[in-house]
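Colleague: One structure, as structure tokens, below. Some questions next.
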Amino acid sequence: MYFRHTATTDRAVDQAVDAVYALAGLELVDRSKANSDALLRRPTAAALAYTLADEAIDAEDPEEFARSAAARLAEAAAIDAIRENWYAAQKNARADRRPELIAGTIEDTRHMFDKAVEDLTSAVEKLDGRQPMSTDPLRSTSTATTTLEALIAARQALGTLSKFASLTRTEPHDQRPAGLATLLRVIAIDGVVQEAATIGTPDDKRTVNEEELEVTRAVRRLAEDYLRDRDNTVARIAAGHYPGVTLRLNTAEELEAVRGTIGQAIQPKWVSGGEAAQHGENLDARRAKLKADGRAARARAARGR
């Protein structure tokens with residue numbers, strides 16, 4: 001598998017950020033470890049007390065010794081208090097900073113994502129359209145060398161895209177929404193219409209608005225395909241196999257919109273018989289308007305000639 005989503009912890013998301021920057025030959029500056037080490041190397045109050053007791057044996061000025069010892073012990077006690085809460089404080093600080101960090105990562109490296117999509121799209125054109133990543137170079141209608149090069153390019157592109165996908169944390173074995181949680185960062189969906197389904201009607205007759213569901217059906221098919229074979233499914237997205245679905249690097253707001261769109265595509269809206277009739281009337285009206293708009297456009301074009 002070349003399209004691997006690996007972020008199931010916050011730490012894994014941070015590692016994905018580092019990996020994405022590394023693609024560009026950049027290193028994200030993070031001084032937290034060095035600064036943390038410098039702080040926590042300071043002696044504990046208990047260790048300092050022993051040191052001070054040893055120094056007290058030879059100290060010549062009691063008042064000066066007392067002032068110095070008190071100041072050093074106060075600092076050690078403060079660091080002890082910090083040390084008790086340091087792990088939780090660092091975790092919370094990183095959590096607060098992470099959305100800003102991811103947003104910056106997307107802004108800085110979007111061009112690399114777009115390049116990977118371009119490379120994948122170009123490579124898939126030279127492979128089997130049904131199962132691009134399963135193409136056998138020796139059985140290709142093109143030359144084996146050309147097909148092999150396309151496969152290698154597609155694999156590299158999928159690996160790159162998976163690093164961007166891992167900028168989003170998911171729970172292990174997360175099947176929400178519809179198993180596409182690991183794709184939310186890297187896909188766009190345009191044109192979903194929620195299925196209107198009549199309550200108490202046989203499955204083959206329940207849908208009221210079938211004509212509007214091309215993209216909705218494509219999203220459902222995408223979910224089924226992705227569950228079985230991630231590599232081929234992502235490659236088919238690049239090839240335009242799923243109407244309305246494209247590869248796009250999403251901001252946090254866009255990601256949440258995609259999540260909602262998928263939920264709308266998967267879950268029908270159940271309506272009563274009366275509501276179904278009203279929906280059918282609305283659909284007929286929209287269809288008639290589209291036809292009228294088309295006739296008007298053709299008439300304007302004819303007058304222009």
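Residues are referred to by chain and number: the chain letter is A, B, ... according to the order shown in the structure tokens, the number counts from 1 in that chain, and ligands are numbered separately from 1 in the order shown.
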Would you please give, as a ChimeraX atom specification, all residues of stretch 238-278 of chain A that DSSP assigns to alpha helix (DSSP H) based on the backbone?
Modeller: /A:238,252-266,273-278
Colleague: Please list as a list in words every residue within 7 Å of stretch 15-26 of chain A, counting only C-alpha atoms and excluding residues in the same chain fewer than 6 positions away.
Modeller: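 Neighbouring residues, sequence-local ones excluded: Thr105, Lys163, Phe164, Ser166 and Leu167 of chain A.
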Colleague: Write the residues of the selection above to a file with C-alpha atoms, as a short mmCIF file (atom, residue, chain, number, x, y, z; two decimals), in the first residue's frame.
Modeller:
data_model
loop_
_atom_site.label_atom_id
_atom_site.label_comp_id
_atom_site.auth_asym_id
_atom_site.auth_seq_id
_atom_site.Cartn_x
_atom_site.Cartn_y
_atom_site.Cartn_z
CA THR A 105 1.99 23.85 6.80
CA LYS A 163 1.73 12.39 4.03
CA PHE A 164 -0.67 15.27 3.52
CA SER A 166 -1.91 12.30 7.73
CA LEU A 167 -2.14 15.96 8.74
#
Colleague: Counting only C-alpha atoms, what is within 9 Å of A:Thr121, bar same-chain residues fewer than 6 positions away, as a PyMOL selection string?
Modeller: chain A and resi 154+235-240
Colleague: Those residues with all heavy atoms, as a short mmCIF file (atom, residue, chain, number, x, y, z; two decimals), in the first residue's frame please?
Modeller:
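Generated file (part.cif):
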data_model
loop_
_atom_site.label_atom_id
_atom_site.label_comp_id
_atom_site.auth_asym_id
_atom_site.auth_seq_id
_atom_site.Cartn_x
_atom_site.Cartn_y
_atom_site.Cartn_z
N ALA A 154 3.34 7.03 -10.14
CA ALA A 154 2.07 7.00 -9.42
C ALA A 154 2.28 6.59 -7.96
O ALA A 154 1.67 7.15 -7.05
CB ALA A 154 1.11 6.03 -10.09
N ALA A 235 -6.10 6.70 -6.96
CA ALA A 235 -5.67 6.88 -8.35
C ALA A 235 -6.87 7.16 -9.26
O ALA A 235 -6.79 7.99 -10.17
CB ALA A 235 -4.92 5.65 -8.83
N ARG A 236 -7.99 6.47 -9.00
CA ARG A 236 -9.19 6.70 -9.82
C ARG A 236 -9.80 8.07 -9.55
O ARG A 236 -10.44 8.65 -10.43
CB ARG A 236 -10.20 5.58 -9.59
CG ARG A 236 -9.82 4.27 -10.28
CD ARG A 236 -11.00 3.32 -10.36
NE ARG A 236 -11.43 2.87 -9.05
CZ ARG A 236 -11.04 1.74 -8.47
NH1 ARG A 236 -10.19 0.94 -9.09
NH2 ARG A 236 -11.48 1.40 -7.28
N ILE A 237 -9.65 8.59 -8.33
CA ILE A 237 -10.10 9.97 -8.09
C ILE A 237 -9.33 10.92 -9.00
O ILE A 237 -9.91 11.80 -9.64
CB ILE A 237 -9.88 10.36 -6.61
CG1 ILE A 237 -10.76 9.55 -5.68
CG2 ILE A 237 -10.18 11.86 -6.42
CD1 ILE A 237 -10.50 9.80 -4.20
N ALA A 238 -8.01 10.73 -9.08
CA ALA A 238 -7.19 11.58 -9.95
C ALA A 238 -7.61 11.46 -11.41
O ALA A 238 -7.53 12.43 -12.18
CB ALA A 238 -5.72 11.20 -9.80
N ALA A 239 -8.09 10.28 -11.79
CA ALA A 239 -8.50 10.05 -13.18
C ALA A 239 -9.92 10.53 -13.46
O ALA A 239 -10.39 10.41 -14.60
CB ALA A 239 -8.40 8.56 -13.50
N GLY A 240 -10.62 11.08 -12.46
CA GLY A 240 -11.98 11.58 -12.67
C GLY A 240 -13.03 10.49 -12.70
O GLY A 240 -14.10 10.67 -13.27
#
Colleague: Measuring between only C-alpha atoms, which one of A:Ser134, A:Gln264, A:Pro172, A:Glu256 shows the shortest distance to A:Val193?
Modeller: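 Checking each candidate against A:Val193, we get A:Gln264 as the closest.
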Colleague: Got a sec: who's within 9 Å of A:Ile266, counting only C-alpha atoms, leaving out chain neighbours fewer than 4 positions off, as a list of chain:residue names?
Modeller: A:Pro177, A:Ala178, A:Gln194, A:Glu195, A:Thr216, A:Arg217, A:Val219, A:Arg220, A:Thr261, A:Ile262
Colleague: State, in Å with one decimal place, the distance from atom CA of A:Thr109 to atom CA of A:Ala157.
Modeller: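 Between atom CA of A:Thr109 and atom CA of A:Ala157 the gap works out to 14.5 Å.
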Colleague: Which of these, A:Leu120, A:Val208, A:Ala45, A:Leu222, has the shortest distance to A:Met133 once you count only C-alpha atoms?
Modeller: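 Answer, going by the shortest atom-to-atom distance: A:Leu120.
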